[in-house]
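Asker: Below you'll find target_39.pdb; it's PDB, N, CA and C atoms.
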```
ATOM      1  N   MET A   1     149.318  98.324  70.273
ATOM      2  CA  MET A   1     148.686  97.046  70.522
ATOM      3  C   MET A   1     148.377  96.353  69.187
ATOM      4  N   HIS A   2     147.974  97.117  68.210
ATOM      5  CA  HIS A   2     147.632  96.557  66.906
ATOM      6  C   HIS A   2     148.865  95.953  66.242
ATOM      7  N   ILE A   3     150.021  96.566  66.469
ATOM      8  CA  ILE A   3     151.266  96.058  65.899
ATOM      9  C   ILE A   3     151.591  94.692  66.485
ATOM     10  N   ILE A   4     151.342  94.514  67.779
ATOM     11  CA  ILE A   4     151.604  93.224  68.432
ATOM     12  C   ILE A   4     150.708  92.145  67.845
ATOM     13  N   THR A   5     149.437  92.481  67.631
ATOM     14  CA  THR A   5     148.503  91.520  67.045
ATOM     15  C   THR A   5     148.959  91.119  65.643
ATOM     16  N   LEU A   6     149.381  92.096  64.851
ATOM     17  CA  LEU A   6     149.870  91.786  63.497
ATOM     18  C   LEU A   6     151.110  90.905  63.556
ATOM     19  N   TYR A   7     151.998  91.193  64.495
ATOM     20  CA  TYR A   7     153.215  90.393  64.644
ATOM     21  C   TYR A   7     152.878  88.953  64.997
ATOM     22  N   ILE A   8     151.962  88.782  65.965
ATOM     23  CA  ILE A   8     151.574  87.426  66.380
ATOM     24  C   ILE A   8     150.925  86.687  65.225
ATOM     25  N   MET A   9     150.026  87.359  64.510
ATOM     26  CA  MET A   9     149.337  86.696  63.402
ATOM     27  C   MET A   9     150.306  86.353  62.271
ATOM     28  N   SER A  10     151.342  87.166  62.099
ATOM     29  CA  SER A  10     152.297  86.860  61.029
ATOM     30  C   SER A  10     153.188  85.678  61.409
ATOM     31  N   LYS A  11     153.431  85.489  62.681
ATOM     32  CA  LYS A  11     154.298  84.409  63.131
ATOM     33  C   LYS A  11     153.550  83.075  63.246
ATOM     34  N   PHE A  12     152.277  83.141  63.592
ATOM     35  CA  PHE A  12     151.512  81.909  63.766
ATOM     36  C   PHE A  12     150.491  81.786  62.643
ATOM     37  N   PRO A  13     150.303  80.591  62.152
ATOM     38  CA  PRO A  13     149.293  80.404  61.098
ATOM     39  C   PRO A  13     147.886  80.662  61.631
ATOM     40  N   LYS A  14     146.981  80.956  60.711
ATOM     41  CA  LYS A  14     145.594  81.248  61.096
ATOM     42  C   LYS A  14     144.942  80.044  61.769
ATOM     43  N   SER A  15     145.365  78.852  61.422
ATOM     44  CA  SER A  15     144.778  77.672  62.058
ATOM     45  C   SER A  15     145.152  77.630  63.545
ATOM     46  N   PHE A  16     146.354  78.120  63.885
ATOM     47  CA  PHE A  16     146.744  78.167  65.288
ATOM     48  C   PHE A  16     145.861  79.157  66.041
ATOM     49  N   MET A  17     145.638  80.317  65.445
ATOM     50  CA  MET A  17     144.800  81.326  66.098
ATOM     51  C   MET A  17     143.366  80.798  66.263
ATOM     52  N   PHE A  18     142.854  80.127  65.228
ATOM     53  CA  PHE A  18     141.519  79.536  65.321
ATOM     54  C   PHE A  18     141.486  78.501  66.443
ATOM     55  N   GLY A  19     142.524  77.693  66.543
ATOM     56  CA  GLY A  19     142.587  76.680  67.597
ATOM     57  C   GLY A  19     142.668  77.314  68.973
ATOM     58  N   LEU A  20     143.410  78.391  69.090
ATOM     59  CA  LEU A  20     143.535  79.090  70.365
ATOM     60  C   LEU A  20     142.193  79.658  70.808
ATOM     61  N   ILE A  21     141.486  80.301  69.891
ATOM     62  CA  ILE A  21     140.188  80.905  70.234
ATOM     63  C   ILE A  21     139.160  79.831  70.525
ATOM     64  N   SER A  22     139.086  78.807  69.679
ATOM     65  CA  SER A  22     138.093  77.755  69.906
ATOM     66  C   SER A  22     138.408  76.989  71.195
ATOM     67  N   GLY A  23     139.695  76.794  71.512
ATOM     68  CA  GLY A  23     140.072  76.131  72.766
ATOM     69  C   GLY A  23     139.650  76.952  73.978
ATOM     70  N   SER A  24     139.776  78.248  73.872
ATOM     71  CA  SER A  24     139.349  79.120  74.971
ATOM     72  C   SER A  24     137.845  79.043  75.186
ATOM     73  N   VAL A  25     137.098  79.062  74.094
ATOM     74  CA  VAL A  25     135.637  78.987  74.194
ATOM     75  C   VAL A  25     135.206  77.642  74.767
ATOM     76  N   ILE A  26     135.772  76.561  74.274
ATOM     77  CA  ILE A  26     135.412  75.225  74.760
ATOM     78  C   ILE A  26     135.810  75.063  76.228
ATOM     79  N   GLY A  27     136.996  75.576  76.599
ATOM     80  CA  GLY A  27     137.440  75.504  77.989
ATOM     81  C   GLY A  27     136.504  76.266  78.919
ATOM     82  N   SER A  28     136.030  77.422  78.483
ATOM     83  CA  SER A  28     135.080  78.194  79.288
ATOM     84  C   SER A  28     133.765  77.453  79.456
ATOM     85  N   MET A  29     133.303  76.822  78.391
ATOM     86  CA  MET A  29     132.041  76.074  78.476
ATOM     87  C   MET A  29     132.188  74.887  79.423
ATOM     88  N   ILE A  30     133.292  74.189  79.370
ATOM     89  CA  ILE A  30     133.512  73.045  80.265
ATOM     90  C   ILE A  30     133.601  73.527  81.712
ATOM     91  N   ALA A  31     134.253  74.661  81.932
ATOM     92  CA  ALA A  31     134.361  75.202  83.289
ATOM     93  C   ALA A  31     132.983  75.536  83.844
ATOM     94  N   LEU A  32     132.097  76.070  82.995
ATOM     95  CA  LEU A  32     130.737  76.380  83.441
ATOM     96  C   LEU A  32     129.947  75.113  83.751
ATOM     97  N   LEU A  33     130.148  74.060  82.948
ATOM     98  CA  LEU A  33     129.428  72.814  83.176
ATOM     99  C   LEU A  33     129.879  72.116  84.451
ATOM    100  N   TYR A  34     131.152  72.203  84.767
ATOM    101  CA  TYR A  34     131.680  71.517  85.940
ATOM    102  C   TYR A  34     131.820  72.414  87.177
ATOM    103  N   ALA A  35     131.277  73.602  87.109
ATOM    104  CA  ALA A  35     131.341  74.502  88.263
ATOM    105  C   ALA A  35     130.625  73.835  89.434
ATOM    106  N   PRO A  36     131.185  73.904  90.647
ATOM    107  CA  PRO A  36     130.606  73.194  91.781
ATOM    108  C   PRO A  36     129.283  73.767  92.268
ATOM    109  N   ASP A  37     129.012  75.002  91.933
ATOM    110  CA  ASP A  37     127.803  75.629  92.460
ATOM    111  C   ASP A  37     127.345  76.705  91.500
ATOM    112  N   LYS A  38     126.128  77.212  91.733
ATOM    113  CA  LYS A  38     125.601  78.282  90.905
ATOM    114  C   LYS A  38     126.411  79.550  91.140
ATOM    115  N   GLY A  39     126.407  80.425  90.162
ATOM    116  CA  GLY A  39     127.146  81.677  90.266
ATOM    117  C   GLY A  39     126.701  82.520  91.438
ATOM    118  N   ALA A  40     125.380  82.557  91.677
ATOM    119  CA  ALA A  40     124.854  83.366  92.781
ATOM    120  C   ALA A  40     125.367  82.829  94.117
ATOM    121  N   ASN A  41     125.368  81.501  94.252
ATOM    122  CA  ASN A  41     125.858  80.905  95.497
ATOM    123  C   ASN A  41     127.356  81.166  95.676
ATOM    124  N   THR A  42     128.098  81.058  94.580
ATOM    125  CA  THR A  42     129.534  81.313  94.657
ATOM    126  C   THR A  42     129.789  82.763  95.030
ATOM    127  N   ARG A  43     129.038  83.680  94.418
ATOM    128  CA  ARG A  43     129.195  85.101  94.761
ATOM    129  C   ARG A  43     128.830  85.362  96.217
ATOM    130  N   ASP A  44     127.766  84.711  96.704
ATOM    131  CA  ASP A  44     127.378  84.860  98.115
ATOM    132  C   ASP A  44     128.484  84.364  99.045
ATOM    133  N   ARG A  45     129.066  83.219  98.700
ATOM    134  CA  ARG A  45     130.147  82.660  99.512
ATOM    135  C   ARG A  45     131.364  83.591  99.521
ATOM    136  N   ILE A  46     131.698  84.118  98.350
ATOM    137  CA  ILE A  46     132.826  85.048  98.266
ATOM    138  C   ILE A  46     132.528  86.314  99.067
ATOM    139  N   SER A  47     131.313  86.813  98.948
ATOM    140  CA  SER A  47     130.920  88.013  99.690
ATOM    141  C   SER A  47     130.980  87.770 101.197
ATOM    142  N   TYR A  48     130.500  86.597 101.640
ATOM    143  CA  TYR A  48     130.537  86.248 103.064
ATOM    144  C   TYR A  48     131.976  86.204 103.577
ATOM    145  N   ARG A  49     132.837  85.539 102.816
ATOM    146  CA  ARG A  49     134.247  85.447 103.222
ATOM    147  C   ARG A  49     134.908  86.821 103.228
ATOM    148  N   LEU A  50     134.590  87.631 102.223
ATOM    149  CA  LEU A  50     135.148  88.975 102.156
ATOM    150  C   LEU A  50     134.700  89.805 103.359
ATOM    151  N   ASN A  51     133.430  89.690 103.736
ATOM    152  CA  ASN A  51     132.934  90.415 104.915
ATOM    153  C   ASN A  51     133.639  89.936 106.184
ATOM    154  N   ASN A  52     133.851  88.612 106.299
ATOM    155  CA  ASN A  52     134.581  88.088 107.464
ATOM    156  C   ASN A  52     135.997  88.636 107.517
ATOM    157  N   TYR A  53     136.660  88.656 106.359
ATOM    158  CA  TYR A  53     138.014  89.189 106.314
ATOM    159  C   TYR A  53     138.030  90.673 106.671
ATOM    160  N   MET A  54     137.036  91.415 106.206
ATOM    161  CA  MET A  54     136.961  92.842 106.528
ATOM    162  C   MET A  54     136.739  93.041 108.029
ATOM    163  N   ASP A  55     135.877  92.209 108.635
ATOM    164  CA  ASP A  55     135.663  92.299 110.079
ATOM    165  C   ASP A  55     136.946  91.992 110.845
ATOM    166  N   GLU A  56     137.644  90.933 110.441
ATOM    167  CA  GLU A  56     138.905  90.582 111.099
ATOM    168  C   GLU A  56     139.926  91.701 110.943
ATOM    169  N   LEU A  57     139.985  92.289 109.759
ATOM    170  CA  LEU A  57     140.916  93.384 109.518
ATOM    171  C   LEU A  57     140.554  94.594 110.375
ATOM    172  N   SER A  58     139.280  94.888 110.484
ATOM    173  CA  SER A  58     138.829  96.001 111.314
ATOM    174  C   SER A  58     139.194  95.771 112.781
ATOM    175  N   GLN A  59     138.986  94.546 113.264
ATOM    176  CA  GLN A  59     139.348  94.225 114.643
ATOM    177  C   GLN A  59     140.858  94.339 114.856
ATOM    178  N   LEU A  60     141.626  93.895 113.882
ATOM    179  CA  LEU A  60     143.074  93.983 113.979
ATOM    180  C   LEU A  60     143.528  95.446 114.018
ATOM    181  N   ILE A  61     142.922  96.278 113.185
ATOM    182  CA  ILE A  61     143.263  97.703 113.173
ATOM    183  C   ILE A  61     142.923  98.335 114.516
ATOM    184  N   ASP A  62     141.745  98.004 115.067
ATOM    185  CA  ASP A  62     141.358  98.537 116.376
ATOM    186  C   ASP A  62     142.355  98.109 117.445
ATOM    187  N   ARG A  63     142.745  96.841 117.415
ATOM    188  CA  ARG A  63     143.695  96.331 118.403
ATOM    189  C   ARG A  63     145.051  97.025 118.282
ATOM    190  N   LEU A  64     145.497  97.222 117.036
ATOM    191  CA  LEU A  64     146.770  97.896 116.824
ATOM    192  C   LEU A  64     146.720  99.347 117.289
ATOM    193  N   GLN A  65     145.594 100.020 117.059
ATOM    194  CA  GLN A  65     145.455 101.401 117.521
ATOM    195  C   GLN A  65     145.466 101.448 119.044
ATOM    196  N   HIS A  66     144.809 100.492 119.683
ATOM    197  CA  HIS A  66     144.799 100.437 121.148
ATOM    198  C   HIS A  66     146.214 100.202 121.670
ATOM    199  N   GLU A  67     146.922  99.249 121.062
ATOM    200  CA  GLU A  67     148.287  98.948 121.492
ATOM    201  C   GLU A  67     149.223 100.117 121.197
ATOM    202  N   LYS A  68     148.947 100.835 120.119
ATOM    203  CA  LYS A  68     149.749 102.016 119.811
ATOM    204  C   LYS A  68     149.572 103.051 120.914
ATOM    205  N   GLY A  69     148.340 103.191 121.418
ATOM    206  CA  GLY A  69     148.083 104.111 122.523
ATOM    207  C   GLY A  69     148.832 103.693 123.771
ATOM    208  N   ILE A  70     148.871 102.386 124.039
ATOM    209  CA  ILE A  70     149.591 101.879 125.211
ATOM    210  C   ILE A  70     151.083 102.172 125.057
ATOM    211  N   VAL A  71     151.610 101.902 123.870
ATOM    212  CA  VAL A  71     153.032 102.154 123.617
ATOM    213  C   VAL A  71     153.314 103.649 123.725
ATOM    214  N   SER A  72     152.399 104.466 123.225
ATOM    215  CA  SER A  72     152.579 105.915 123.285
ATOM    216  C   SER A  72     152.601 106.387 124.734
ATOM    217  N   ASP A  73     151.705 105.840 125.557
ATOM    218  CA  ASP A  73     151.686 106.200 126.975
ATOM    219  C   ASP A  73     152.977 105.771 127.654
ATOM    220  N   ALA A  74     153.448 104.577 127.337
ATOM    221  CA  ALA A  74     154.692 104.082 127.929
ATOM    222  C   ALA A  74     155.869 104.956 127.497
ATOM    223  N   LYS A  75     155.852 105.391 126.246
ATOM    224  CA  LYS A  75     156.927 106.256 125.751
ATOM    225  C   LYS A  75     156.904 107.581 126.491
ATOM    226  N   LYS A  76     155.715 108.138 126.700
ATOM    227  CA  LYS A  76     155.608 109.404 127.433
ATOM    228  C   LYS A  76     156.163 109.247 128.850
ATOM    229  N   GLU A  77     155.784 108.160 129.515
ATOM    230  CA  GLU A  77     156.284 107.918 130.874
ATOM    231  C   GLU A  77     157.801 107.738 130.858
ATOM    232  N   GLY A  78     158.304 107.024 129.873
ATOM    233  CA  GLY A  78     159.751 106.839 129.749
ATOM    234  C   GLY A  78     160.459 108.160 129.524
ATOM    235  N   ASP A  79     159.883 109.013 128.683
ATOM    236  CA  ASP A  79     160.477 110.327 128.442
ATOM    237  C   ASP A  79     160.507 111.157 129.720
ATOM    238  N   LEU A  80     159.431 111.075 130.518
ATOM    239  CA  LEU A  80     159.401 111.808 131.784
ATOM    240  C   LEU A  80     160.485 111.305 132.739
ATOM    241  N   VAL A  81     160.662 109.994 132.798
ATOM    242  CA  VAL A  81     161.695 109.412 133.658
ATOM    243  C   VAL A  81     163.071 109.882 133.210
ATOM    244  N   VAL A  82     163.307 109.890 131.901
ATOM    245  CA  VAL A  82     164.602 110.327 131.381
ATOM    246  C   VAL A  82     164.838 111.803 131.701
ATOM    247  N   GLU A  83     163.804 112.637 131.507
ATOM    248  CA  GLU A  83     163.936 114.064 131.823
ATOM    249  C   GLU A  83     164.259 114.265 133.301
ATOM    250  N   GLU A  84     163.552 113.538 134.153
ATOM    251  CA  GLU A  84     163.785 113.661 135.593
ATOM    252  C   GLU A  84     165.204 113.204 135.948
ATOM    253  N   ALA A  85     165.657 112.127 135.331
ATOM    254  CA  ALA A  85     167.012 111.639 135.591
ATOM    255  C   ALA A  85     168.050 112.655 135.121
ATOM    256  N   GLN A  86     167.817 113.281 133.973
ATOM    257  CA  GLN A  86     168.744 114.300 133.483
ATOM    258  C   GLN A  86     168.790 115.497 134.437
ATOM    259  N   LYS A  87     167.609 115.911 134.914
ATOM    260  CA  LYS A  87     167.560 117.045 135.844
ATOM    261  C   LYS A  87     168.305 116.709 137.133
ATOM    262  N   ARG A  88     168.097 115.515 137.650
ATOM    263  CA  ARG A  88     168.799 115.096 138.868
ATOM    264  C   ARG A  88     170.309 115.044 138.636
ATOM    265  N   ALA A  89     170.717 114.525 137.478
ATOM    266  CA  ALA A  89     172.143 114.459 137.161
ATOM    267  C   ALA A  89     172.740 115.865 137.086
ATOM    268  N   GLU A  90     172.028 116.788 136.466
ATOM    269  CA  GLU A  90     172.500 118.172 136.392
ATOM    270  C   GLU A  90     172.594 118.789 137.787
ATOM    271  N   ASP A  91     171.595 118.519 138.627
ATOM    272  CA  ASP A  91     171.612 119.031 139.999
ATOM    273  C   ASP A  91     172.802 118.460 140.763
ATOM    274  N   LEU A  92     173.066 117.164 140.593
ATOM    275  CA  LEU A  92     174.213 116.545 141.272
ATOM    276  C   LEU A  92     175.530 117.146 140.798
ATOM    277  N   ILE A  93     175.641 117.396 139.508
ATOM    278  CA  ILE A  93     176.860 118.004 138.971
ATOM    279  C   ILE A  93     177.040 119.399 139.557
ATOM    280  N   THR A  94     175.958 120.158 139.623
ATOM    281  CA  THR A  94     176.026 121.510 140.196
ATOM    282  C   THR A  94     176.461 121.450 141.654
ATOM    283  N   GLU A  95     175.870 120.532 142.400
ATOM    284  CA  GLU A  95     176.245 120.384 143.816
ATOM    285  C   GLU A  95     177.704 119.969 143.956
ATOM    286  N   ALA A  96     178.160 119.058 143.096
ATOM    287  CA  ALA A  96     179.554 118.606 143.151
ATOM    288  C   ALA A  96     180.497 119.767 142.839
ATOM    289  N   GLU A  97     180.140 120.588 141.870
ATOM    290  CA  GLU A  97     180.976 121.748 141.535
ATOM    291  C   GLU A  97     181.045 122.724 142.713
ATOM    292  N   LYS A  98     179.907 122.941 143.376
ATOM    293  CA  LYS A  98     179.884 123.836 144.542
ATOM    294  C   LYS A  98     180.759 123.280 145.659
ATOM    295  N   LEU A  99     180.672 121.965 145.893
ATOM    296  CA  LEU A  99     181.493 121.346 146.928
ATOM    297  C   LEU A  99     182.976 121.485 146.602
ATOM    298  N   LEU A 100     183.336 121.291 145.327
ATOM    299  CA  LEU A 100     184.733 121.435 144.927
ATOM    300  C   LEU A 100     185.209 122.874 145.125
ATOM    301  N   GLU A 101     184.342 123.835 144.830
ATOM    302  CA  GLU A 101     184.689 125.231 145.047
ATOM    303  C   GLU A 101     184.904 125.500 146.538
ATOM    304  N   ASN A 102     184.010 124.966 147.382
ATOM    305  CA  ASN A 102     184.134 125.158 148.823
ATOM    306  C   ASN A 102     185.427 124.528 149.355
ATOM    307  N   ILE A 103     185.747 123.349 148.835
ATOM    308  CA  ILE A 103     186.983 122.681 149.250
ATOM    309  C   ILE A 103     188.178 123.524 148.848
ATOM    310  N   GLY A 104     188.149 124.046 147.623
ATOM    311  CA  GLY A 104     189.225 124.900 147.143
ATOM    312  C   GLY A 104     189.347 126.165 147.961
ATOM    313  N   ASP A 105     188.227 126.755 148.387
ATOM    314  CA  ASP A 105     188.231 127.971 149.192
ATOM    315  C   ASP A 105     188.799 127.696 150.584
ATOM    316  N   THR A 106     188.420 126.551 151.161
ATOM    317  CA  THR A 106     188.928 126.229 152.495
ATOM    318  C   THR A 106     190.399 125.920 152.488
ATOM    319  N   ARG A 107     190.946 125.383 151.437
ATOM    320  CA  ARG A 107     192.386 125.095 151.332
ATOM    321  C   ARG A 107     193.188 126.394 151.240
ATOM    322  N   LYS A 108     192.611 127.377 150.579
ATOM    323  CA  LYS A 108     193.295 128.644 150.404
ATOM    324  C   LYS A 108     193.437 129.401 151.720
ATOM    325  N   LYS A 109     192.542 129.167 152.631
ATOM    326  CA  LYS A 109     192.553 129.886 153.909
ATOM    327  C   LYS A 109     193.558 129.334 154.797
TER     328      LYS A 109
END
```
Let me see the file written as structure tokens.

Answerer:
Amino acid sequence: MHIITLYIMSKFPKSFMFGLISGSVIGSMIALLYAPDKGANTRDRISYRLNNYMDELSQLIDRLQHEKGIVSDAKKEGDLVVEEAQKRAEDLITEAEKLLENIGDTRKK
């Protein structure tokens, strides 16, 4: 970091650095003079807004968790339906194979 400072100071004259620092100080003083409200009031307003945002975020998280539960329940029901359909399909295939065997046996006789 010190090398960067030396590089900057070597490239810019000291009057530029003095102007930069004094401009920063004067700009800060003007900002304080033209501030719309006292610091305490501004901090209170920021704190109030932050609390509102935190409440909204908390409500959103609760809603998402609730909806996640609904989606999870729907997924479980869907999985059960799929399992039942697979079992029925397997049962139908087994029955079809038995019927084909019976047909084959009756033809042989």

Asker: Mind pulling up the distance from atom CA of A:Arg49 to atom CA of A:Asp37?

Answerer: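 A separation of 15.9 Å between them.
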
Asker: One number please: atom C of A:Ile46 to atom C of A:Ile61, in Å, one decimal.

Answerer: 22.2 Å

Asker: One number please: atom CA of A:Leu99 to atom CA of A:Ala85, in Å, one decimal.

Answerer: 20.8 Å

Asker: First collect every listed atom of stretch 97-103 of chain A; then fit an axis-aligned box around them, widen it by 3 Å on each side, and give centre and edge lengths in Å to one decimal, as AutoDock Vina command-line options.

Answerer:
```
--center_x 184.0 --center_y 123.0 --center_z 145.4 --size_x 14.3 --size_y 10.9 --size_z 13.8
```
